[in-house]
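Colleague: data09.tsv is the file, holding TSV, C-alpha atoms and all ligand atoms:
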chain	number	residue	atom	x	y	z
A	847	MET	CA	-15.97	2.46	-16.33
A	848	LEU	CA	-13.00	0.17	-15.69
A	849	ARG	CA	-12.29	0.34	-11.94
A	850	PRO	CA	-8.88	1.71	-10.91
A	851	VAL	CA	-8.05	-1.15	-8.55
A	852	GLY	CA	-9.51	-4.31	-6.96
A	853	ASN	CA	-8.54	-7.93	-7.54
A	854	ARG	CA	-11.09	-10.72	-7.39
A	855	ILE	CA	-11.70	-12.24	-3.97
A	856	PRO	CA	-10.39	-15.82	-3.50
A	857	THR	CA	-12.48	-18.66	-2.07
A	858	PRO	CA	-11.20	-20.83	0.78
A	859	GLY	CA	-9.59	-24.14	-0.14
A	860	LYS	CA	-9.96	-27.61	1.32
A	861	ALA	CA	-8.55	-28.48	4.73
A	862	GLU	CA	-4.99	-28.98	3.50
A	863	GLU	CA	-3.00	-25.87	4.28
A	864	GLY	CA	0.48	-24.72	3.43
A	865	ASP	CA	2.72	-22.26	5.19
A	866	TYR	CA	2.97	-18.56	4.67
A	867	PRO	CA	5.97	-17.71	2.50
A	868	TRP	CA	7.43	-15.37	5.18
A	869	VAL	CA	8.99	-18.20	7.19
A	870	SER	CA	11.17	-15.92	9.35
A	871	TYR	CA	8.16	-14.23	10.93
A	872	CYS	CA	5.17	-15.08	13.13
A	873	THR	CA	1.81	-13.91	11.77
A	874	GLU	CA	-0.90	-12.11	13.73
A	875	LEU	CA	-4.11	-11.49	11.76
A	876	LEU	CA	-5.94	-8.24	12.49
A	877	ASP	CA	-9.03	-6.40	11.29
A	878	SER	CA	-7.05	-4.02	9.06
A	879	GLY	CA	-3.61	-3.00	7.88
A	880	THR	CA	-3.99	0.20	9.86
A	881	SER	CA	-4.52	-1.85	13.03
A	882	ALA	CA	-1.36	-3.83	12.24
A	883	LEU	CA	0.62	-0.60	11.87
A	884	TYR	CA	-0.86	0.70	15.10
A	885	LEU	CA	0.39	-2.40	16.94
A	886	ALA	CA	3.82	-2.09	15.34
A	887	PHE	CA	4.02	1.55	16.52
A	888	LEU	CA	2.84	0.60	20.01
A	889	ALA	CA	5.45	-2.15	20.19
A	890	ALA	CA	8.17	0.21	18.92
A	891	SER	CA	7.34	2.78	21.58
A	892	ARG	CA	7.28	0.11	24.32
A	893	MET	CA	10.64	-1.22	23.23
A	894	GLY	CA	12.17	2.26	23.09
A	895	ASP	CA	11.90	2.43	26.87
A	896	GLU	CA	12.29	5.74	28.69
A	897	ILE	CA	11.33	7.76	25.60
A	898	SER	CA	8.54	10.11	26.66
A	899	SER	CA	7.26	11.41	23.32
A	900	PRO	CA	8.29	8.81	20.74
A	901	GLU	CA	8.51	9.65	17.04
A	902	VAL	CA	8.33	7.56	13.88
A	903	ILE	CA	9.70	8.55	10.48
A	904	LEU	CA	7.41	8.14	7.45
A	905	PRO	CA	7.54	9.13	3.77
A	906	ALA	CA	5.99	12.56	3.10
A	907	TYR	CA	3.87	11.06	0.33
A	908	CYS	CA	1.97	8.00	1.47
A	909	CYS	CA	-1.37	6.68	2.64
A	910	PRO	CA	-2.92	8.85	5.41
A	911	ASP	CA	-3.71	5.60	7.29
A	912	LEU	CA	-0.10	5.70	8.50
A	913	ILE	CA	-0.90	8.95	10.29
A	914	ALA	CA	-4.08	7.46	11.77
A	915	ALA	CA	-2.09	4.51	13.14
A	916	ALA	CA	0.58	6.79	14.63
A	917	VAL	CA	-2.00	9.07	16.25
A	918	ALA	CA	-3.85	6.08	17.76
A	919	ALA	CA	-0.59	4.65	19.13
A	920	GLY	CA	0.46	7.98	20.60
A	921	VAL	CA	3.60	8.31	18.51
A	922	LYS	CA	4.41	11.48	16.63
A	923	PRO	CA	4.65	11.20	12.83
A	924	VAL	CA	7.77	12.87	11.44
A	925	LEU	CA	7.96	13.07	7.64
A	926	ALA	CA	10.97	12.60	5.39
A	927	ASP	CA	10.85	13.92	1.83
A	928	LEU	CA	11.02	11.55	-1.12
A	929	ALA	CA	13.99	11.33	-3.43
A	930	TYR	CA	13.30	13.26	-6.65
A	931	GLU	CA	10.87	11.46	-8.99
A	932	SER	CA	10.84	8.44	-6.70
A	933	PRO	CA	8.31	6.92	-4.31
A	934	TRP	CA	11.12	6.17	-1.82
A	935	MET	CA	12.33	8.36	1.03
A	936	ASP	CA	15.60	10.17	0.48
A	937	GLU	CA	17.93	8.42	2.94
A	938	HIS	CA	19.78	11.67	3.72
A	939	GLN	CA	16.45	13.19	4.71
A	940	VAL	CA	15.69	10.20	6.92
A	941	ARG	CA	19.01	10.59	8.69
A	942	GLU	CA	18.30	14.31	9.24
A	943	MET	CA	14.97	13.50	10.89
A	944	ILE	CA	16.38	11.07	13.47
A	945	THR	CA	16.34	12.48	17.01
A	946	GLU	CA	16.77	10.91	20.45
A	947	ARG	CA	12.98	10.43	20.47
A	948	THR	CA	12.84	8.41	17.22
A	949	VAL	CA	11.77	4.79	17.74
A	950	ALA	CA	11.10	3.52	14.20
A	951	ILE	CA	11.49	4.13	10.47
A	952	VAL	CA	8.70	3.02	8.14
A	953	ALA	CA	9.52	1.94	4.58
A	954	VAL	CA	6.35	1.91	2.49
A	955	ASN	CA	6.03	-0.34	-0.55
A	956	PHE	CA	4.33	1.41	-3.43
A	957	LEU	CA	1.83	0.01	-5.96
A	958	GLY	CA	3.44	-3.44	-5.70
A	959	LYS	CA	7.02	-2.12	-5.89
A	960	ARG	CA	9.19	-2.89	-2.88
A	961	ALA	CA	11.07	-0.12	-1.12
A	962	PRO	CA	14.84	-0.64	-0.81
A	963	LEU	CA	15.46	-1.67	2.81
A	964	ALA	CA	19.23	-2.20	3.12
A	965	GLY	CA	20.18	1.47	3.63
A	966	LEU	CA	17.35	2.03	6.10
A	967	ARG	CA	18.30	-1.13	8.00
A	968	GLN	CA	21.80	0.27	8.38
A	969	LEU	CA	20.46	3.60	9.65
A	970	ALA	CA	18.12	1.83	12.06
A	971	ASP	CA	20.98	-0.30	13.43
A	972	ASN	CA	23.27	2.70	13.82
A	973	HIS	CA	20.67	4.52	15.92
A	974	GLY	CA	18.96	1.62	17.70
A	975	LEU	CA	15.64	2.00	15.84
A	976	LEU	CA	13.13	-0.48	14.52
A	977	LEU	CA	12.50	-0.84	10.79
A	978	ILE	CA	8.88	-1.41	9.75
A	979	GLU	CA	8.04	-2.58	6.21
A	980	ASP	CA	4.53	-1.37	5.32
A	981	SER	CA	3.71	-3.87	2.63
A	982	ALA	CA	-0.03	-3.19	2.34
A	983	GLN	CA	0.55	-2.68	-1.40
A	984	ALA	CA	2.94	-5.58	-2.09
A	985	ILE	CA	2.65	-9.28	-1.39
A	986	PRO	CA	4.75	-11.23	-0.59
A	987	PRO	CA	6.74	-8.47	1.16
A	988	SER	CA	10.46	-8.07	0.48
A	989	SER	CA	11.30	-9.27	3.99
A	990	THR	CA	10.05	-12.71	2.89
A	991	ASN	CA	13.44	-13.54	1.39
A	992	THR	CA	15.68	-11.11	3.21
A	993	PRO	CA	14.13	-10.54	6.63
A	994	LEU	CA	15.50	-7.01	7.08
A	995	ALA	CA	12.40	-5.49	8.72
A	996	ASP	CA	11.57	-5.87	12.43
A	997	PHE	CA	7.87	-5.72	11.62
A	998	VAL	CA	5.98	-6.18	8.37
A	999	VAL	CA	2.44	-4.90	7.81
A	1000	LEU	CA	0.03	-6.48	5.31
A	1001	SER	CA	-3.48	-5.46	4.30
A	1002	PHE	CA	-6.29	-7.52	2.78
A	1003	GLY	CA	-8.49	-4.53	2.00
A	1004	ARG	CA	-10.42	-4.03	-1.24
A	1005	GLY	CA	-7.73	-2.09	-3.08
A	1006	LYS	CA	-4.84	-4.36	-2.14
A	1007	PRO	CA	-3.14	-7.20	-4.04
A	1008	VAL	CA	-4.92	-9.86	-1.96
A	1009	ASN	CA	-8.49	-8.65	-1.58
A	1010	LEU	CA	-10.34	-10.40	1.26
A	1011	MET	CA	-12.83	-7.54	1.68
A	1012	GLY	CA	-10.86	-6.36	4.71
A	1013	GLY	CA	-8.30	-7.56	7.20
A	1014	GLY	CA	-4.59	-7.19	7.77
A	1015	ALA	CA	-1.60	-8.86	9.36
A	1016	LEU	CA	1.37	-7.98	11.50
A	1017	LEU	CA	4.47	-10.11	10.91
A	1018	TYR	CA	7.03	-10.13	13.72
A	1019	PRO	CA	10.08	-12.21	14.62
A	1020	GLU	CA	9.78	-14.84	17.35
A	1021	SER	CA	12.14	-12.78	19.54
A	1022	TYR	CA	9.50	-10.02	19.87
A	1023	ARG	CA	6.69	-12.38	20.84
A	1024	HIS	CA	6.88	-11.42	24.52
A	1025	VAL	CA	6.19	-7.77	23.64
A	1026	LEU	CA	3.43	-8.52	21.15
A	1027	ILE	CA	1.59	-10.93	23.44
A	1028	LEU	CA	0.97	-8.17	25.97
A	1029	LEU	CA	-0.38	-5.82	23.30
A	1030	ILE	CA	-2.54	-8.38	21.54
A	1031	ALA	CA	-4.06	-10.13	24.58
A	1032	PRO	CA	-6.60	-7.38	25.44
A	1033	LEU	CA	-7.91	-7.05	21.86
A	1034	PRO	CA	-11.35	-8.41	20.98
A	1035	GLU	CA	-11.45	-11.19	18.39
A	1036	ARG	CA	-13.57	-11.23	15.24
A	1037	GLN	CA	-14.26	-14.36	13.29
A	1038	VAL	CA	-14.58	-14.58	9.52
A	1039	VAL	CA	-16.48	-17.70	8.49
A	1040	CYS	CA	-16.87	-18.45	4.80
A	1041	ASN	CA	-20.55	-19.34	5.05
A	1042	LEU	CA	-23.41	-18.50	2.68
A	1043	PRO	CA	-23.65	-14.80	3.69
A	1044	TRP	CA	-19.87	-14.50	3.11
A	1045	HIS	CA	-20.21	-16.02	-0.36
A	1046	LEU	CA	-23.11	-13.68	-1.17
A	1047	LYS	CA	-21.11	-10.70	0.00
A	1048	ARG	CA	-18.24	-11.83	-2.22
A	1049	LEU	CA	-20.56	-12.08	-5.24
A	1050	PHE	CA	-21.99	-8.66	-4.44
A	1051	PHE	CA	-18.47	-7.15	-4.28
A	1052	HIS	CA	-17.64	-8.74	-7.63
A	1053	MET	CA	-20.84	-7.29	-9.12
A	1054	LEU	CA	-19.91	-3.80	-7.92
A	1055	MET	CA	-16.51	-4.21	-9.58
A	1056	SER	CA	-18.10	-4.61	-13.02
A	1057	ARG	CA	-17.65	-1.79	-15.52
A	1058	LEU	CA	-21.34	-0.98	-15.52
A	1059	LEU	CA	-21.94	-0.82	-11.77
A	1060	TYR	CA	-18.60	0.81	-10.99
A	1061	GLY	CA	-19.43	3.54	-13.50
A	1062	MET	CA	-22.82	4.06	-11.89
A	1063	MET	CA	-21.35	4.26	-8.39
A	1064	LEU	CA	-18.82	6.86	-9.54
A	1065	ARG	CA	-21.76	9.15	-10.31
A	1066	ILE	CA	-22.86	9.11	-6.68
A	1067	PRO	CA	-20.74	11.87	-5.11
A	1068	MET	CA	-21.70	10.74	-1.60
A	1069	LEU	CA	-19.69	7.54	-2.03
A	1070	ARG	CA	-16.47	9.53	-2.67
A	1071	LEU	CA	-15.17	6.61	-4.68
A	1072	GLY	CA	-11.51	6.70	-5.55
A	1073	GLU	CA	-10.67	9.29	-2.91
A	1074	THR	CA	-8.27	8.48	-0.09
A	1075	ARG	CA	-8.94	10.59	2.96
A	1076	TYR	CA	-7.78	10.67	6.54
A	1077	HIS	CA	-9.86	8.41	8.79
A	1078	PRO	CA	-9.02	8.09	12.48
A	1079	LEU	CA	-8.47	4.48	13.59
A	1080	GLN	CA	-11.68	3.57	15.43
A	1081	GLN	CA	-11.01	0.01	16.54
A	1082	THR	CA	-8.46	-2.76	16.54
A	1083	ALA	CA	-9.41	-6.42	16.71
A	1084	ARG	CA	-7.74	-9.74	16.12
A	1085	LEU	CA	-9.13	-11.61	13.18
A	1086	SER	CA	-9.71	-15.29	12.87
A	1087	LEU	CA	-9.64	-15.98	9.15
A	1088	PRO	CA	-9.20	-19.21	7.15
A	1089	LYS	CA	-5.49	-19.42	6.32
A	1090	SER	CA	-6.30	-20.99	2.96
A	1091	LEU	CA	-8.03	-17.76	1.93
A	1092	ILE	CA	-4.79	-15.81	2.33
A	1093	LEU	CA	-2.66	-18.52	0.73
A	1094	ARG	CA	-4.99	-18.78	-2.27
A	1095	GLY	CA	-5.08	-15.00	-2.59
A	1096	ILE	CA	-1.27	-14.89	-2.70
A	1097	GLU	CA	-1.17	-17.79	-5.17
A	1098	ALA	CA	-3.70	-16.05	-7.45
A	1099	PHE	CA	-1.69	-12.82	-7.33
A	1100	LEU	CA	1.59	-14.60	-8.09
A	1101	CYS	CA	-0.01	-16.41	-11.03
A	1102	SER	CA	-1.95	-13.46	-12.40
A	1103	GLU	CA	-0.88	-12.19	-15.78
A	1104	ALA	CA	1.72	-9.46	-15.34
A	1105	THR	CA	-0.18	-6.74	-17.23
A	1106	ILE	CA	2.56	-4.50	-15.93
A	1107	LYS	CA	4.81	-5.88	-18.70
A	1108	SER	CA	2.33	-4.89	-21.40
A	1109	TYR	CA	2.22	-1.42	-19.90
A	1110	ILE	CA	5.99	-1.10	-19.87
A	1111	THR	CA	6.23	-2.00	-23.57
A	1112	SER	CA	3.10	-0.15	-24.72
A	1113	LEU	CA	3.90	3.09	-22.93
A	1114	HIS	CA	7.64	3.17	-23.43
A	1115	PHE	CA	7.24	5.97	-26.01
A	1116	LEU	CA	6.21	8.36	-23.22
A	1117	THR	CA	9.73	8.52	-21.84
A	1118	ASP	CA	10.75	10.46	-24.97
A	1119	SER	CA	8.36	13.26	-24.08
A	1120	GLY	CA	9.27	13.99	-20.48
A	1121	TRP	CA	7.26	11.27	-18.74
A	1122	LYS	CA	8.79	9.09	-16.07
A	1123	VAL	CA	7.58	5.50	-15.82
A	1124	LEU	CA	7.92	4.10	-12.29
A	1125	SER	CA	8.33	0.42	-13.27
A	1126	ASP	CA	10.78	-1.18	-15.63
A	1127	MET	CA	11.49	-4.70	-16.85
A	1128	GLU	CA	14.47	-4.93	-14.50
A	1129	ASP	CA	12.14	-4.60	-11.49
A	1130	VAL	CA	9.82	-7.19	-12.95
A	1131	HIS	CA	12.61	-9.68	-13.58
A	1132	ALA	CA	14.20	-9.03	-10.19
A	1133	ALA	CA	10.88	-9.79	-8.49
A	1134	ALA	CA	10.44	-12.95	-10.55
A	1135	ASN	CA	13.95	-14.16	-9.69
A	1136	CYS	CA	13.18	-13.87	-5.96
A	1137	GLY	CA	9.86	-15.70	-6.27
A	1138	LEU	CA	8.01	-12.46	-5.54
A	1139	ALA	CA	5.08	-11.30	-7.67
A	1140	GLU	CA	5.88	-9.87	-11.12
A	1141	GLN	CA	2.48	-8.26	-11.17
A	1142	ALA	CA	2.00	-4.79	-9.67
A	1143	LEU	CA	-0.93	-3.30	-7.82
A	1144	ARG	CA	-1.16	-0.47	-10.36
A	1145	PHE	CA	1.07	0.99	-13.05
A	1146	GLY	CA	2.45	4.37	-11.96
A	1147	MET	CA	3.90	7.18	-14.08
A	1148	LEU	CA	4.87	10.80	-13.56
A	1149	ALA	CA	3.59	13.27	-16.16
A	1150	PRO	CA	5.83	16.17	-17.18
A	1151	SER	CA	3.53	18.58	-15.32
A	1152	LYS	CA	0.40	18.74	-13.20
A	1153	ASN	CA	-1.57	20.11	-16.15
A	1154	ASP	CA	-0.53	17.22	-18.39
A	1155	ARG	CA	-1.40	14.77	-15.65
A	1156	ASN	CA	-4.85	16.23	-15.13
A	1157	ALA	CA	-5.53	16.41	-18.87
A	1158	VAL	CA	-4.62	12.73	-19.27
A	1159	ILE	CA	-6.80	11.67	-16.34
A	1160	GLU	CA	-9.71	13.55	-17.88
A	1161	ALA	CA	-9.13	12.06	-21.33
A	1162	LEU	CA	-8.87	8.52	-19.97
A	1163	ASN	CA	-11.94	8.98	-17.75
A	1164	LYS	CA	-13.90	10.05	-20.84
A	1165	ARG	CA	-12.89	6.81	-22.56
A	1166	GLY	CA	-14.13	4.69	-19.67
A	1167	PHE	CA	-11.01	4.24	-17.55
A	1168	ALA	CA	-11.39	5.33	-13.94
A	1169	VAL	CA	-7.69	6.16	-13.58
A	1170	ASN	CA	-6.68	8.58	-10.85
A	1171	ALA	CA	-3.85	10.21	-8.98
A	1172	LEU	CA	-3.89	7.91	-5.90
A	1173	TYR	CA	-3.55	10.36	-2.97
A	1174	GLU	CA	-4.52	13.95	-3.71
A	1175	SER	CA	-1.40	15.54	-2.19
A	1176	SER	CA	1.60	15.04	0.07
A	1177	LEU	CA	0.68	14.26	3.70
A	1178	ALA	CA	1.77	17.73	4.82
A	1179	ASP	CA	-0.65	19.28	2.30
A	1180	MET	CA	-3.70	17.26	3.48
A	1181	SER	CA	-5.93	19.51	5.56
A	1182	ASP	CA	-7.00	16.72	7.96
A	1183	VAL	CA	-3.41	15.61	8.56
A	1184	LYS	CA	-1.72	18.97	9.12
A	1185	ALA	CA	-2.87	19.16	12.74
A	1186	PHE	CA	-0.70	16.14	13.63
A	1187	LEU	CA	2.50	17.47	12.07
A	1188	SER	CA	4.91	20.17	13.03
A	1189	GLN	CA	6.62	20.40	9.64
A	1190	PRO	CA	5.37	22.81	6.94
A	1191	PRO	CA	4.47	21.40	3.48
A	1192	GLU	CA	7.28	23.48	1.94
A	1193	ASP	CA	9.76	21.10	3.56
A	1194	PHE	CA	8.72	18.39	1.10
A	1195	PRO	CA	9.16	19.70	-2.44
A	1196	ASN	CA	9.77	16.25	-3.95
A	1197	ALA	CA	6.70	14.71	-2.31
A	1198	ARG	CA	4.59	17.61	-3.55
A	1199	ASP	CA	6.01	17.33	-7.07
A	1200	PHE	CA	5.37	13.56	-7.03
A	1201	SER	CA	1.77	14.04	-5.87
A	1202	GLU	CA	1.11	16.60	-8.59
A	1203	ARG	CA	2.52	14.51	-11.43
A	1204	LEU	CA	1.53	10.94	-10.48
A	1205	ILE	CA	-1.03	9.02	-12.49
A	1206	THR	CA	-1.86	5.38	-11.81
A	1207	LEU	CA	-3.30	2.96	-14.37
A	1208	PRO	CA	-5.14	-0.21	-13.34
A	1209	SER	CA	-3.50	-3.64	-13.49
A	1210	HIS	CA	-6.12	-5.80	-11.74
A	1211	ASN	CA	-7.65	-9.07	-13.01
A	1212	ASP	CA	-10.08	-7.45	-15.44
A	1213	VAL	CA	-7.68	-5.25	-17.40
A	1214	THR	CA	-7.35	-6.63	-20.94
A	1215	ARG	CA	-4.73	-6.13	-23.64
A	1216	VAL	CA	-7.29	-4.13	-25.59
A	1217	ASP	CA	-7.71	-1.81	-22.58
A	1218	ILE	CA	-3.97	-1.20	-22.47
A	1219	GLN	CA	-3.83	-0.59	-26.24
A	1220	THR	CA	-6.73	1.89	-25.95
A	1221	MET	CA	-5.11	3.71	-23.05
A	1222	ALA	CA	-1.81	3.89	-24.97
A	1223	GLN	CA	-3.70	5.32	-27.97
A	1224	VAL	CA	-5.29	8.03	-25.80
A	1225	LEU	CA	-1.89	8.88	-24.31
A	1226	LYS	CA	-0.37	9.12	-27.77
A	1301	LIG	C1	-4.16	0.59	2.50
A	1301	LIG	C2	-2.91	0.89	3.18
A	1301	LIG	C3	-2.81	0.81	4.56
A	1301	LIG	C4	-3.97	0.49	5.45
A	1301	LIG	O1	-4.56	-0.77	5.23
A	1301	LIG	P1	-6.10	-1.00	5.64
A	1301	LIG	O2	-6.25	-2.48	5.62
A	1301	LIG	O3	-6.90	-0.31	4.59
A	1301	LIG	O4	-6.28	-0.41	6.98
A	1301	LIG	C5	-1.58	1.09	5.13
A	1301	LIG	N1	-0.52	1.44	4.40
A	1301	LIG	C6	-0.59	1.52	3.05
A	1301	LIG	C7	0.64	1.87	2.29
A	1301	LIG	C8	-1.78	1.27	2.39
A	1301	LIG	O5	-1.83	1.35	1.06
Here is the file; what I need is its structure written in the form of structure tokens.

Modeller:
Amino acid sequence: MLRPVGNRIPTPGKAEEGDYPWVSYCTELLDSGTSALYLAFLAASRMGDEISSPEVILPAYCCPDLIAAAVAAGVKPVLADLAYESPWMDEHQVREMITERTVAIVAVNFLGKRAPLAGLRQLADNHGLLLIEDSAQAIPPSSTNTPLADFVVLSFGRGKPVNLMGGGALLYPESYRHVLILLIAPLPERQVVCNLPWHLKRLFFHMLMSRLLYGMMLRIPMLRLGETRYHPLQQTARLSLPKSLILRGIEAFLCSEATIKSYITSLHFLTDSGWKVLSDMEDVHAAANCGLAEQALRFGMLAPSKNDRNAVIEALNKRGFAVNALYESSLADMSDVKAFLSQPPEDFPNARDFSERLITLPSHNDVTRVDIQTMAQVLK
């Protein structure tokens, strides 16, 4: 079984170190992306002084970790529906959701694609809100070149573009340092040292990523592989991590073959039969022109219907491709998340439609041209 996601883990380099590409921001390394979001939410609620029950606006279809971070930070998640057939929030919806309690808007990058920030920045400025770019799925983030976001969140988890077997980062402008320092100071610190046990763990992770072992693990229902569920945020720690590991991970991702281009050409025929492909060559070239990665985290498409989507997943699974639907449903439809929301799932028809039609194909380091040809054949 070809795994759905998971790039190879970089090794640390020699002493010589470069700078992070996001020169407009300071970098605080944390134990996870969720922890970074949690800190961003805490900071946003501190800066929105006098607001007793602060709210943050999130897309109605996204990773349930955003809810976990909001709950831990004591801010209320308020969802905005997506635009039709798009992973991005409908900006009219976002505007509707702004109240006097709103402190931040979160734009969430999706499968390596970067959410448009300009319109949200404008909204945030008009209402005195912070804009957070959740770039767990895209590196470098779009605020690298155009620093529109007040905070940027990165993740180095297993399914992310730079896989360091865990970790995350909060990027913030120098002018917010005084707020961040107070929030970060009490956190415990964990150290990652690239010693022999670390190298063994890395080899072990790589072994589990192989087609044979991944396929075997999928048969163990207890592991719930490939499922994304709601997990409360248990802990937040600072992380001390060799900088070269991150820099080499970014370098490897930027240099990796853009399998996404092969997908776009090989699967173009689908658009004639009611499918919607979420990436096009324009995106790829735009990213390349800004020095951002051409490669995506996964290749996403919307099937004409839920039945078609499920049939294709089943057919591809049978041929040895562990493709899946990413998150099972919109946030408002997740049973573990509902308790934290006061909006009914019916308010988010586009997010629900998106969740029912989305299929994601792998684009990690071990996807070959033959794999893509085979998948295209199955889809045909
Ligand atoms: C994975 C992910 C997170 C959380 O990152 P972790 O490092 O796994 O805690 C947050 N937001 C998005 C969009 C993600 O995909």

Colleague: What residues of the protein or nucleic acid chains come within 9 Å of ligand LIG 1301 (chain A) when you use only C-alpha atoms and all ligand atoms? Reply as a PyMOL selection string.

Modeller: chain A and resi 876-883+908-912+915+954-957+980-984+999-1006+1012-1015+1079

Colleague: At a cut-off of 10 Å, using only C-alpha atoms, what residues contact Met1221 of chain A? Leave out same-chain residues fewer than 2 positions from it and give the result as a list of chain:residue names.

Modeller: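 Near Met1221 of chain A, the qualifying residues are A:Tyr1109, A:Ser1112, A:Leu1113, A:Val1158, A:Ala1161, A:Leu1162, A:Arg1165, A:Gly1166, A:Phe1167, A:Leu1207, A:Arg1215, A:Val1216, A:Asp1217, A:Ile1218, A:Gln1219, A:Gln1223, A:Val1224, A:Leu1225, A:Lys1226.
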
Colleague: Determine, counting all atoms listed in the file, which protein, DNA and RNA residues have an atom within 12 Å of an atom of Leu1058 of chain A; residues of the same chain fewer than 4 positions away are not included. Present the result as a list in words.

Modeller: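 Listing them by chain and then by number gives Met847, Leu848, Arg849, His1052, Met1053, Leu1054, Met1062, Met1063, Leu1064, Arg1065, Gly1166, Phe1167 and Ala1168 of chain A.
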
Colleague: Between segment 1078-1146 of chain A and segment 1029-1037 of chain A, at 10 Å or less, what are the per-residue closest atom pairs and their distances in Å? Count all atoms listed in the file, order by chain and rising residue number, and return it as a tab-separated table.

Modeller:
residue	atom	partner	partner_atom	distance
A:Gln1081	CA	A:Leu1033	CA	9.4
A:Thr1082	CA	A:Leu1033	CA	6.9
A:Ala1083	CA	A:Pro1034	CA	5.1
A:Arg1084	CA	A:Glu1035	CA	4.6
A:Leu1085	CA	A:Arg1036	CA	4.9
A:Ser1086	CA	A:Gln1037	CA	4.7
A:Leu1087	CA	A:Gln1037	CA	6.4
A:Pro1088	CA	A:Gln1037	CA	9.3

Colleague: Using only C-alpha atoms, determine which residues lie at most 10 Å from Pro962 of chain A, disregarding the query and same-chain residues fewer than 2 positions distant; provide the list as an mmCIF file with C-alpha atoms, in the frame of the given file.

Modeller:
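Writing done, so here's out-v1.cif:
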data_model
loop_
_atom_site.group_PDB
_atom_site.id
_atom_site.type_symbol
_atom_site.label_atom_id
_atom_site.label_comp_id
_atom_site.auth_asym_id
_atom_site.auth_seq_id
_atom_site.Cartn_x
_atom_site.Cartn_y
_atom_site.Cartn_z
ATOM 1 C CA TRP A 934 11.120 6.170 -1.820
ATOM 2 C CA MET A 935 12.330 8.360 1.030
ATOM 3 C CA ALA A 953 9.520 1.940 4.580
ATOM 4 C CA VAL A 954 6.350 1.910 2.490
ATOM 5 C CA ASN A 955 6.030 -0.340 -0.550
ATOM 6 C CA LYS A 959 7.020 -2.120 -5.890
ATOM 7 C CA ARG A 960 9.190 -2.890 -2.880
ATOM 8 C CA ALA A 964 19.230 -2.200 3.120
ATOM 9 C CA GLY A 965 20.180 1.470 3.630
ATOM 10 C CA LEU A 966 17.350 2.030 6.100
ATOM 11 C CA ARG A 967 18.300 -1.130 8.000
ATOM 12 C CA GLU A 979 8.040 -2.580 6.210
ATOM 13 C CA SER A 988 10.460 -8.070 0.480
#

Colleague: Write out, as a Markdown table, each residue of segment 1064-1159 of chain A that has an atom at most 10 Å from segment 1171-1194 of chain A, together with the closest pair of atoms and their distance in Å to one decimal, counting all atoms listed in the file, rows going by chain and rising number.

Modeller:
| residue | atom | partner | partner_atom | distance |
| --- | --- | --- | --- | --- |
| A:Gly1072 | CA | A:Leu1172 | CA | 7.7 |
| A:Glu1073 | CA | A:Tyr1173 | CA | 7.2 |
| A:Thr1074 | CA | A:Tyr1173 | CA | 5.8 |
| A:Arg1075 | CA | A:Tyr1173 | CA | 8.0 |
| A:Tyr1076 | CA | A:Asp1182 | CA | 6.3 |
| A:His1077 | CA | A:Asp1182 | CA | 8.8 |
| A:Pro1078 | CA | A:Asp1182 | CA | 9.9 |
| A:Arg1144 | CA | A:Leu1172 | CA | 9.9 |
| A:Gly1146 | CA | A:Ala1171 | CA | 9.1 |
| A:Met1147 | CA | A:Ala1171 | CA | 9.8 |
| A:Leu1148 | CA | A:Ala1171 | CA | 9.9 |
| A:Arg1155 | CA | A:Ala1171 | CA | 8.4 |
| A:Asn1156 | CA | A:Ala1171 | CA | 8.7 |
| A:Ile1159 | CA | A:Ala1171 | CA | 8.1 |

Colleague: In Å, rounded to a single decimal, give me how far atom CA of Met943 of chain A is from atom CA of Ile897 of chain A.

Modeller: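 Atom-to-atom, atom CA of Ile897 of chain A to atom CA of Met943 of chain A, that is 16.2 Å.
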
Colleague: Set up a box along x, y and z of the file covering all listed atoms of segment 980-988 of chain A, add 5 Å on every one of the six sides, and write the centre and edge lengths in Å to one decimal, as JSON.

Modeller:
{"center_x": 5.2, "center_y": -6.3, "center_z": 1.6, "size_x": 20.5, "size_y": 19.9, "size_z": 17.4}

Colleague: What lies within 8 Å of Ile978 of chain A using only C-alpha atoms, ignoring chain neighbours under 4 positions off, as a PyMOL selection string?

Modeller: chain A and resi 886+950-953+995-999

Colleague: Using all atoms listed in the file, which of A:Ile1092, A:Ala914, A:Ser1151, A:Val1008 sits nearest Gly864 of chain A?

Modeller: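 The closest residue to Gly864 of chain A is A:Ile1092.
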